[in-house]
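Coordinates as given in protein37.cif (mmCIF, N, CA and C atoms):
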data_run
loop_
_atom_site.group_PDB
_atom_site.id
_atom_site.type_symbol
_atom_site.label_atom_id
_atom_site.label_comp_id
_atom_site.auth_asym_id
_atom_site.auth_seq_id
_atom_site.Cartn_x
_atom_site.Cartn_y
_atom_site.Cartn_z
ATOM 1 N N MET A 1 -0.015 -117.866 45.976
ATOM 2 C CA MET A 1 -0.483 -116.600 46.509
ATOM 3 C C MET A 1 -1.383 -115.878 45.519
ATOM 4 N N LYS A 2 -1.024 -115.899 44.227
ATOM 5 C CA LYS A 2 -1.847 -115.216 43.231
ATOM 6 C C LYS A 2 -3.248 -115.816 43.187
ATOM 7 N N ARG A 3 -3.357 -117.131 43.271
ATOM 8 C CA ARG A 3 -4.668 -117.781 43.240
ATOM 9 C C ARG A 3 -5.494 -117.364 44.441
ATOM 10 N N PHE A 4 -4.883 -117.297 45.610
ATOM 11 C CA PHE A 4 -5.574 -116.940 46.844
ATOM 12 C C PHE A 4 -6.113 -115.509 46.756
ATOM 13 N N ILE A 5 -5.302 -114.574 46.264
ATOM 14 C CA ILE A 5 -5.734 -113.181 46.139
ATOM 15 C C ILE A 5 -6.907 -113.074 45.183
ATOM 16 N N CYS A 6 -6.837 -113.738 44.044
ATOM 17 C CA CYS A 6 -7.917 -113.687 43.064
ATOM 18 C C CYS A 6 -9.206 -114.218 43.670
ATOM 19 N N LEU A 7 -9.126 -115.330 44.368
ATOM 20 C CA LEU A 7 -10.306 -115.932 44.973
ATOM 21 C C LEU A 7 -10.922 -115.007 46.008
ATOM 22 N N ILE A 8 -10.095 -114.363 46.820
ATOM 23 C CA ILE A 8 -10.615 -113.433 47.828
ATOM 24 C C ILE A 8 -11.321 -112.268 47.150
ATOM 25 N N LEU A 9 -10.709 -111.686 46.138
ATOM 26 C CA LEU A 9 -11.318 -110.538 45.468
ATOM 27 C C LEU A 9 -12.632 -110.907 44.805
ATOM 28 N N LEU A 10 -12.657 -112.022 44.105
ATOM 29 C CA LEU A 10 -13.886 -112.412 43.428
ATOM 30 C C LEU A 10 -14.983 -112.771 44.412
ATOM 31 N N LEU A 11 -14.642 -113.563 45.397
ATOM 32 C CA LEU A 11 -15.662 -114.041 46.316
ATOM 33 C C LEU A 11 -16.125 -112.956 47.275
ATOM 34 N N SER A 12 -15.301 -111.972 47.522
ATOM 35 C CA SER A 12 -15.735 -110.874 48.375
ATOM 36 C C SER A 12 -16.796 -110.028 47.692
ATOM 37 N N LEU A 13 -16.741 -109.954 46.371
ATOM 38 C CA LEU A 13 -17.713 -109.164 45.629
ATOM 39 C C LEU A 13 -18.991 -109.930 45.317
ATOM 40 N N VAL A 14 -18.863 -111.211 45.077
ATOM 41 C CA VAL A 14 -19.978 -111.978 44.546
ATOM 42 C C VAL A 14 -20.682 -112.719 45.669
ATOM 43 N N ALA A 15 -21.854 -112.260 46.045
ATOM 44 C CA ALA A 15 -22.642 -112.928 47.077
ATOM 45 C C ALA A 15 -23.778 -113.679 46.399
ATOM 46 N N GLY A 16 -23.735 -114.987 46.473
ATOM 47 C CA GLY A 16 -24.772 -115.788 45.851
ATOM 48 C C GLY A 16 -24.679 -115.821 44.341
ATOM 49 N N GLY A 17 -23.534 -115.534 43.774
ATOM 50 C CA GLY A 17 -23.368 -115.496 42.327
ATOM 51 C C GLY A 17 -22.432 -116.580 41.847
ATOM 52 N N VAL A 18 -21.713 -116.287 40.807
ATOM 53 C CA VAL A 18 -20.814 -117.226 40.169
ATOM 54 C C VAL A 18 -19.438 -117.124 40.823
ATOM 55 N N SER A 19 -18.819 -118.266 41.076
ATOM 56 C CA SER A 19 -17.447 -118.248 41.578
ATOM 57 C C SER A 19 -16.613 -119.226 40.770
ATOM 58 N N ALA A 20 -15.346 -118.937 40.637
ATOM 59 C CA ALA A 20 -14.419 -119.793 39.908
ATOM 60 C C ALA A 20 -13.039 -119.599 40.495
ATOM 61 N N GLN A 21 -12.214 -120.614 40.362
ATOM 62 C CA GLN A 21 -10.853 -120.531 40.877
ATOM 63 C C GLN A 21 -9.891 -120.617 39.707
ATOM 64 N N GLY A 22 -8.874 -119.773 39.709
ATOM 65 C CA GLY A 22 -7.911 -119.764 38.625
ATOM 66 C C GLY A 22 -6.622 -119.116 39.048
ATOM 67 N N MET A 23 -5.741 -118.916 38.083
ATOM 68 C CA MET A 23 -4.444 -118.299 38.322
ATOM 69 C C MET A 23 -4.392 -116.951 37.609
ATOM 70 N N ILE A 24 -3.880 -115.943 38.292
ATOM 71 C CA ILE A 24 -3.722 -114.624 37.688
ATOM 72 C C ILE A 24 -2.518 -114.668 36.758
ATOM 73 N N SER A 25 -2.736 -114.358 35.477
ATOM 74 C CA SER A 25 -1.627 -114.370 34.524
ATOM 75 C C SER A 25 -0.967 -112.998 34.412
ATOM 76 N N LYS A 26 -1.740 -111.929 34.615
ATOM 77 C CA LYS A 26 -1.175 -110.581 34.664
ATOM 78 C C LYS A 26 -2.123 -109.693 35.442
ATOM 79 N N TRP A 27 -1.565 -108.632 36.018
ATOM 80 C CA TRP A 27 -2.396 -107.700 36.773
ATOM 81 C C TRP A 27 -1.731 -106.334 36.815
ATOM 82 N N ARG A 28 -2.552 -105.311 37.059
ATOM 83 C CA ARG A 28 -2.064 -103.937 37.172
ATOM 84 C C ARG A 28 -2.966 -103.205 38.165
ATOM 85 N N LEU A 29 -2.370 -102.435 39.055
ATOM 86 C CA LEU A 29 -3.108 -101.637 40.024
ATOM 87 C C LEU A 29 -2.723 -100.180 39.838
ATOM 88 N N ASP A 30 -3.709 -99.333 39.567
ATOM 89 C CA ASP A 30 -3.474 -97.908 39.359
ATOM 90 C C ASP A 30 -4.207 -97.106 40.421
ATOM 91 N N ASN A 31 -3.561 -96.059 40.909
ATOM 92 C CA ASN A 31 -4.182 -95.129 41.842
ATOM 93 C C ASN A 31 -4.730 -93.958 41.022
ATOM 94 N N ASN A 32 -6.043 -93.813 40.989
ATOM 95 C CA ASN A 32 -6.683 -92.741 40.239
ATOM 96 C C ASN A 32 -6.953 -91.586 41.204
ATOM 97 N N ASP A 33 -6.006 -90.656 41.296
ATOM 98 C CA ASP A 33 -6.124 -89.539 42.235
ATOM 99 C C ASP A 33 -7.317 -88.636 41.937
ATOM 100 N N LYS A 34 -7.632 -88.455 40.662
ATOM 101 C CA LYS A 34 -8.722 -87.563 40.285
ATOM 102 C C LYS A 34 -10.072 -88.074 40.791
ATOM 103 N N GLN A 35 -10.327 -89.387 40.630
ATOM 104 C CA GLN A 35 -11.595 -89.961 41.069
ATOM 105 C C GLN A 35 -11.513 -90.574 42.466
ATOM 106 N N LYS A 36 -10.321 -90.529 43.062
ATOM 107 C CA LYS A 36 -10.080 -91.094 44.395
ATOM 108 C C LYS A 36 -10.479 -92.572 44.463
ATOM 109 N N THR A 37 -9.992 -93.329 43.461
ATOM 110 C CA THR A 37 -10.239 -94.764 43.409
ATOM 111 C C THR A 37 -8.938 -95.499 43.117
ATOM 112 N N TYR A 38 -8.965 -96.793 43.387
ATOM 113 C CA TYR A 38 -7.935 -97.704 42.903
ATOM 114 C C TYR A 38 -8.573 -98.517 41.794
ATOM 115 N N ASP A 39 -7.878 -98.640 40.671
ATOM 116 C CA ASP A 39 -8.374 -99.414 39.541
ATOM 117 C C ASP A 39 -7.489 -100.647 39.384
ATOM 118 N N LEU A 40 -8.095 -101.817 39.453
ATOM 119 C CA LEU A 40 -7.382 -103.087 39.384
ATOM 120 C C LEU A 40 -7.806 -103.827 38.129
ATOM 121 N N PHE A 41 -6.829 -104.257 37.347
ATOM 122 C CA PHE A 41 -7.077 -105.079 36.166
ATOM 123 C C PHE A 41 -6.376 -106.405 36.354
ATOM 124 N N MET A 42 -7.083 -107.511 36.081
ATOM 125 C CA MET A 42 -6.485 -108.846 36.161
ATOM 126 C C MET A 42 -6.936 -109.682 34.976
ATOM 127 N N SER A 43 -6.032 -110.486 34.441
ATOM 128 C CA SER A 43 -6.393 -111.565 33.526
ATOM 129 C C SER A 43 -6.229 -112.848 34.318
ATOM 130 N N VAL A 44 -7.286 -113.647 34.340
ATOM 131 C CA VAL A 44 -7.295 -114.863 35.157
ATOM 132 C C VAL A 44 -7.480 -116.068 34.247
ATOM 133 N N LEU A 45 -6.566 -117.038 34.364
ATOM 134 C CA LEU A 45 -6.652 -118.273 33.596
ATOM 135 C C LEU A 45 -7.468 -119.288 34.384
ATOM 136 N N LEU A 46 -8.603 -119.685 33.820
ATOM 137 C CA LEU A 46 -9.460 -120.702 34.412
ATOM 138 C C LEU A 46 -9.303 -121.986 33.606
ATOM 139 N N ASN A 47 -9.844 -123.080 34.098
ATOM 140 C CA ASN A 47 -9.709 -124.327 33.336
ATOM 141 C C ASN A 47 -10.578 -124.333 32.078
ATOM 142 N N PHE A 48 -11.450 -123.351 31.889
ATOM 143 C CA PHE A 48 -12.308 -123.295 30.707
ATOM 144 C C PHE A 48 -12.106 -122.022 29.895
ATOM 145 N N GLY A 49 -11.053 -121.247 30.170
ATOM 146 C CA GLY A 49 -10.771 -120.044 29.400
ATOM 147 C C GLY A 49 -10.167 -118.938 30.241
ATOM 148 N N THR A 50 -10.008 -117.780 29.634
ATOM 149 C CA THR A 50 -9.430 -116.614 30.304
ATOM 150 C C THR A 50 -10.513 -115.574 30.543
ATOM 151 N N VAL A 51 -10.507 -115.004 31.736
ATOM 152 C CA VAL A 51 -11.451 -113.953 32.099
ATOM 153 C C VAL A 51 -10.656 -112.690 32.427
ATOM 154 N N ASP A 52 -11.087 -111.553 31.898
ATOM 155 C CA ASP A 52 -10.505 -110.266 32.255
ATOM 156 C C ASP A 52 -11.408 -109.621 33.292
ATOM 157 N N ILE A 53 -10.806 -109.116 34.356
ATOM 158 C CA ILE A 53 -11.558 -108.485 35.434
ATOM 159 C C ILE A 53 -11.051 -107.061 35.599
ATOM 160 N N PHE A 54 -11.963 -106.101 35.533
ATOM 161 C CA PHE A 54 -11.630 -104.717 35.839
ATOM 162 C C PHE A 54 -12.431 -104.324 37.069
ATOM 163 N N MET A 55 -11.740 -103.861 38.094
ATOM 164 C CA MET A 55 -12.409 -103.498 39.338
ATOM 165 C C MET A 55 -11.988 -102.094 39.740
ATOM 166 N N SER A 56 -12.963 -101.255 40.044
ATOM 167 C CA SER A 56 -12.720 -99.911 40.545
ATOM 168 C C SER A 56 -13.179 -99.875 41.998
ATOM 169 N N ILE A 57 -12.283 -99.500 42.901
ATOM 170 C CA ILE A 57 -12.554 -99.537 44.340
ATOM 171 C C ILE A 57 -12.413 -98.123 44.888
ATOM 172 N N ASN A 58 -13.483 -97.620 45.545
ATOM 173 C CA ASN A 58 -13.386 -96.267 46.098
ATOM 174 C C ASN A 58 -12.884 -96.299 47.538
ATOM 175 N N MET A 59 -12.715 -95.130 48.137
ATOM 176 C CA MET A 59 -12.125 -95.045 49.474
ATOM 177 C C MET A 59 -13.049 -95.556 50.575
ATOM 178 N N ASN A 60 -14.325 -95.825 50.253
ATOM 179 C CA ASN A 60 -15.271 -96.378 51.231
ATOM 180 C C ASN A 60 -15.441 -97.886 51.076
ATOM 181 N N SER A 61 -14.533 -98.530 50.344
ATOM 182 C CA SER A 61 -14.543 -99.974 50.084
ATOM 183 C C SER A 61 -15.687 -100.424 49.193
ATOM 184 N N TYR A 62 -16.311 -99.499 48.469
ATOM 185 C CA TYR A 62 -17.338 -99.862 47.497
ATOM 186 C C TYR A 62 -16.637 -100.150 46.176
ATOM 187 N N ALA A 63 -17.033 -101.216 45.500
ATOM 188 C CA ALA A 63 -16.350 -101.611 44.273
ATOM 189 C C ALA A 63 -17.343 -101.962 43.184
ATOM 190 N N THR A 64 -16.911 -101.748 41.955
ATOM 191 C CA THR A 64 -17.614 -102.207 40.768
ATOM 192 C C THR A 64 -16.632 -103.076 40.003
ATOM 193 N N ALA A 65 -17.042 -104.294 39.687
ATOM 194 C CA ALA A 65 -16.184 -105.216 38.947
ATOM 195 C C ALA A 65 -16.885 -105.644 37.672
ATOM 196 N N THR A 66 -16.152 -105.625 36.570
ATOM 197 C CA THR A 66 -16.671 -106.079 35.287
ATOM 198 C C THR A 66 -15.831 -107.258 34.828
ATOM 199 N N LEU A 67 -16.495 -108.377 34.538
ATOM 200 C CA LEU A 67 -15.842 -109.585 34.058
ATOM 201 C C LEU A 67 -16.190 -109.772 32.598
ATOM 202 N N SER A 68 -15.180 -110.044 31.773
ATOM 203 C CA SER A 68 -15.405 -110.255 30.344
ATOM 204 C C SER A 68 -14.383 -111.253 29.822
ATOM 205 N N GLY A 69 -14.620 -111.739 28.607
ATOM 206 C CA GLY A 69 -13.618 -112.569 27.976
ATOM 207 C C GLY A 69 -14.071 -113.936 27.520
ATOM 208 N N LEU A 70 -15.065 -114.550 28.155
ATOM 209 C CA LEU A 70 -15.498 -115.880 27.739
ATOM 210 C C LEU A 70 -16.479 -115.839 26.572
ATOM 211 N N SER A 71 -17.131 -114.716 26.400
ATOM 212 C CA SER A 71 -18.055 -114.517 25.285
ATOM 213 C C SER A 71 -18.140 -113.017 25.039
ATOM 214 N N SER A 72 -19.070 -112.603 24.208
ATOM 215 C CA SER A 72 -19.214 -111.168 23.961
ATOM 216 C C SER A 72 -19.947 -110.472 25.111
ATOM 217 N N ALA A 73 -20.530 -111.254 26.022
ATOM 218 C CA ALA A 73 -21.268 -110.686 27.155
ATOM 219 C C ALA A 73 -20.315 -110.275 28.277
ATOM 220 N N GLN A 74 -20.790 -109.413 29.154
ATOM 221 C CA GLN A 74 -20.046 -108.986 30.330
ATOM 222 C C GLN A 74 -20.922 -109.157 31.561
ATOM 223 N N LEU A 75 -20.282 -109.450 32.680
ATOM 224 C CA LEU A 75 -20.959 -109.460 33.977
ATOM 225 C C LEU A 75 -20.441 -108.279 34.768
ATOM 226 N N THR A 76 -21.329 -107.541 35.407
ATOM 227 C CA THR A 76 -20.916 -106.419 36.245
ATOM 228 C C THR A 76 -21.502 -106.617 37.631
ATOM 229 N N TYR A 77 -20.646 -106.500 38.630
ATOM 230 C CA TYR A 77 -21.040 -106.624 40.024
ATOM 231 C C TYR A 77 -20.737 -105.320 40.738
ATOM 232 N N ASP A 78 -21.635 -104.905 41.616
ATOM 233 C CA ASP A 78 -21.433 -103.735 42.457
ATOM 234 C C ASP A 78 -21.619 -104.175 43.897
ATOM 235 N N GLY A 79 -20.776 -103.661 44.787
ATOM 236 C CA GLY A 79 -20.963 -103.994 46.189
ATOM 237 C C GLY A 79 -19.811 -103.522 47.043
ATOM 238 N N GLU A 80 -19.913 -103.831 48.304
ATOM 239 C CA GLU A 80 -18.897 -103.429 49.268
ATOM 240 C C GLU A 80 -17.920 -104.581 49.471
ATOM 241 N N LEU A 81 -16.627 -104.272 49.446
ATOM 242 C CA LEU A 81 -15.617 -105.277 49.759
ATOM 243 C C LEU A 81 -15.599 -105.485 51.272
ATOM 244 N N VAL A 82 -15.615 -106.728 51.674
ATOM 245 C CA VAL A 82 -15.591 -107.063 53.097
ATOM 246 C C VAL A 82 -14.478 -108.076 53.335
ATOM 247 N N PRO A 83 -13.991 -108.167 54.571
ATOM 248 C CA PRO A 83 -12.994 -109.200 54.874
ATOM 249 C C PRO A 83 -13.569 -110.592 54.592
ATOM 250 N N LEU A 84 -12.725 -111.511 54.182
ATOM 251 C CA LEU A 84 -13.167 -112.852 53.843
ATOM 252 C C LEU A 84 -13.906 -113.513 55.001
ATOM 253 N N ASP A 85 -13.461 -113.289 56.229
ATOM 254 C CA ASP A 85 -14.120 -113.883 57.395
ATOM 255 C C ASP A 85 -15.545 -113.387 57.578
ATOM 256 N N ASP A 86 -15.879 -112.217 57.037
ATOM 257 C CA ASP A 86 -17.219 -111.643 57.165
ATOM 258 C C ASP A 86 -18.112 -111.910 55.947
ATOM 259 N N SER A 87 -17.605 -112.632 54.946
ATOM 260 C CA SER A 87 -18.336 -112.734 53.686
ATOM 261 C C SER A 87 -19.364 -113.857 53.647
ATOM 262 N N GLY A 88 -19.205 -114.903 54.416
ATOM 263 C CA GLY A 88 -20.155 -116.006 54.388
ATOM 264 C C GLY A 88 -20.191 -116.723 53.057
ATOM 265 N N VAL A 89 -19.049 -116.844 52.384
ATOM 266 C CA VAL A 89 -18.960 -117.467 51.055
ATOM 267 C C VAL A 89 -19.052 -118.977 51.180
ATOM 268 N N GLN A 90 -19.801 -119.596 50.265
ATOM 269 C CA GLN A 90 -19.916 -121.038 50.193
ATOM 270 C C GLN A 90 -19.153 -121.535 48.986
ATOM 271 N N LYS A 91 -18.366 -122.585 49.137
ATOM 272 C CA LYS A 91 -17.658 -123.172 48.009
ATOM 273 C C LYS A 91 -18.516 -124.293 47.439
ATOM 274 N N GLY A 92 -18.793 -124.229 46.146
ATOM 275 C CA GLY A 92 -19.642 -125.224 45.503
ATOM 276 C C GLY A 92 -18.903 -126.509 45.190
ATOM 277 N N TRP A 93 -19.657 -127.528 44.800
ATOM 278 C CA TRP A 93 -19.084 -128.809 44.404
ATOM 279 C C TRP A 93 -19.983 -129.448 43.358
ATOM 280 N N VAL A 94 -19.426 -130.391 42.622
ATOM 281 C CA VAL A 94 -20.167 -131.101 41.593
ATOM 282 C C VAL A 94 -20.307 -132.552 42.039
ATOM 283 N N PRO A 95 -21.531 -133.087 42.132
ATOM 284 C CA PRO A 95 -21.713 -134.487 42.542
ATOM 285 C C PRO A 95 -20.954 -135.443 41.636
ATOM 286 N N GLY A 96 -20.348 -136.456 42.227
ATOM 287 C CA GLY A 96 -19.631 -137.470 41.457
ATOM 288 C C GLY A 96 -18.205 -137.112 41.121
ATOM 289 N N ARG A 97 -17.732 -135.969 41.581
ATOM 290 C CA ARG A 97 -16.332 -135.591 41.292
ATOM 291 C C ARG A 97 -15.527 -135.582 42.545
#
Now that the file is in, can you turn its structure into structure tokens?
Amino acid sequence: MKRFICLILLLSLVAGGVSAQGMISKWRLDNNDKQKTYDLFMSVLLNFGTVDIFMSINMNSYATATLSGLSSAQLTYDGELVPLDDSGVQKGWVPGR
């Protein structure tokens, strides 16, 4: 279940970007009443390292996600969260595997 949730959250935000599948090792969800957002933190174990994801989701389903941990660089995505059935996500593959 943890893997499925992580995949939905990542793939719902990333359209035409990077996707990866992993296991959530820890997570925390906070309700920020002052800013009227939910703040989600996850550490995700991938087969090539650990990624930390911080996502802030507002009441209109708009989210900003920051991914860090594999290097000193960070990736930031902004967009609207949509149901998985409406996302049109493609799962990639590597030839010969």
Assuming the chain letters and numbering stay as they are in my file, what does the PyMOL selection byres ((chain A and resi 27-41) around 8) actually select? List them as a short mmCIF file (atom, residue, chain, number, x, y, z; two decimals) with N, CA and C atoms, keeping the file's coordinate frame.
data_model
loop_
_atom_site.label_atom_id
_atom_site.label_comp_id
_atom_site.auth_asym_id
_atom_site.auth_seq_id
_atom_site.Cartn_x
_atom_site.Cartn_y
_atom_site.Cartn_z
N ILE A 24 -3.88 -115.94 38.29
CA ILE A 24 -3.72 -114.62 37.69
C ILE A 24 -2.52 -114.67 36.76
N SER A 25 -2.74 -114.36 35.48
CA SER A 25 -1.63 -114.37 34.52
C SER A 25 -0.97 -113.00 34.41
N LYS A 26 -1.74 -111.93 34.62
CA LYS A 26 -1.18 -110.58 34.66
C LYS A 26 -2.12 -109.69 35.44
N MET A 42 -7.08 -107.51 36.08
CA MET A 42 -6.48 -108.85 36.16
C MET A 42 -6.94 -109.68 34.98
N SER A 43 -6.03 -110.49 34.44
CA SER A 43 -6.39 -111.56 33.53
C SER A 43 -6.23 -112.85 34.32
N VAL A 44 -7.29 -113.65 34.34
CA VAL A 44 -7.30 -114.86 35.16
C VAL A 44 -7.48 -116.07 34.25
N ASP A 52 -11.09 -111.55 31.90
CA ASP A 52 -10.50 -110.27 32.26
C ASP A 52 -11.41 -109.62 33.29
N ILE A 53 -10.81 -109.12 34.36
CA ILE A 53 -11.56 -108.48 35.43
C ILE A 53 -11.05 -107.06 35.60
N PHE A 54 -11.96 -106.10 35.53
CA PHE A 54 -11.63 -104.72 35.84
C PHE A 54 -12.43 -104.32 37.07
N MET A 55 -11.74 -103.86 38.09
CA MET A 55 -12.41 -103.50 39.34
C MET A 55 -11.99 -102.09 39.74
N SER A 56 -12.96 -101.26 40.04
CA SER A 56 -12.72 -99.91 40.54
C SER A 56 -13.18 -99.88 42.00
N ILE A 57 -12.28 -99.50 42.90
CA ILE A 57 -12.55 -99.54 44.34
C ILE A 57 -12.41 -98.12 44.89
N ASN A 58 -13.48 -97.62 45.54
CA ASN A 58 -13.39 -96.27 46.10
C ASN A 58 -12.88 -96.30 47.54
N MET A 59 -12.72 -95.13 48.14
CA MET A 59 -12.12 -95.04 49.47
C MET A 59 -13.05 -95.56 50.58
N ASN A 60 -14.32 -95.82 50.25
CA ASN A 60 -15.27 -96.38 51.23
C ASN A 60 -15.44 -97.89 51.08
#
Q | Residues returned when the PyMOL selection byres (((chain A and resi 69 and name CA) around 9) and name CA) runs on this file, as a list in words | A |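 Written out, the selection comes to Gly49, Thr50, Val51, Asp52, Ile53, Leu67, Ser68, Leu70, Ser71, Ser72, Ala73 and Gln74 of chain A.
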**Q.** Å distance separating CA of Gly22 in chain A from CA of Tyr62 in chain A, one decimal place
**A.**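 These two atoms are separated by 23.7 Å.
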Could you put an axis-aligned box around every listed atom of range 27-40 of chain A, padded by 6 Å on each side, and send me its centre and edge lengths in Å to one decimal, as lines of an AutoDock Vina configuration file?
center_x = -6.6
center_y = -98.1
center_z = 40.2
size_x = 22.0
size_y = 33.1
size_z = 20.4
Q. Could you state the separation of atom N of Phe48 in chain A and CA of Asp85 in chain A in Å, given to one decimal place?
A.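 Atom N of Phe48 in chain A sits 27.3 Å away from CA of Asp85 in chain A.
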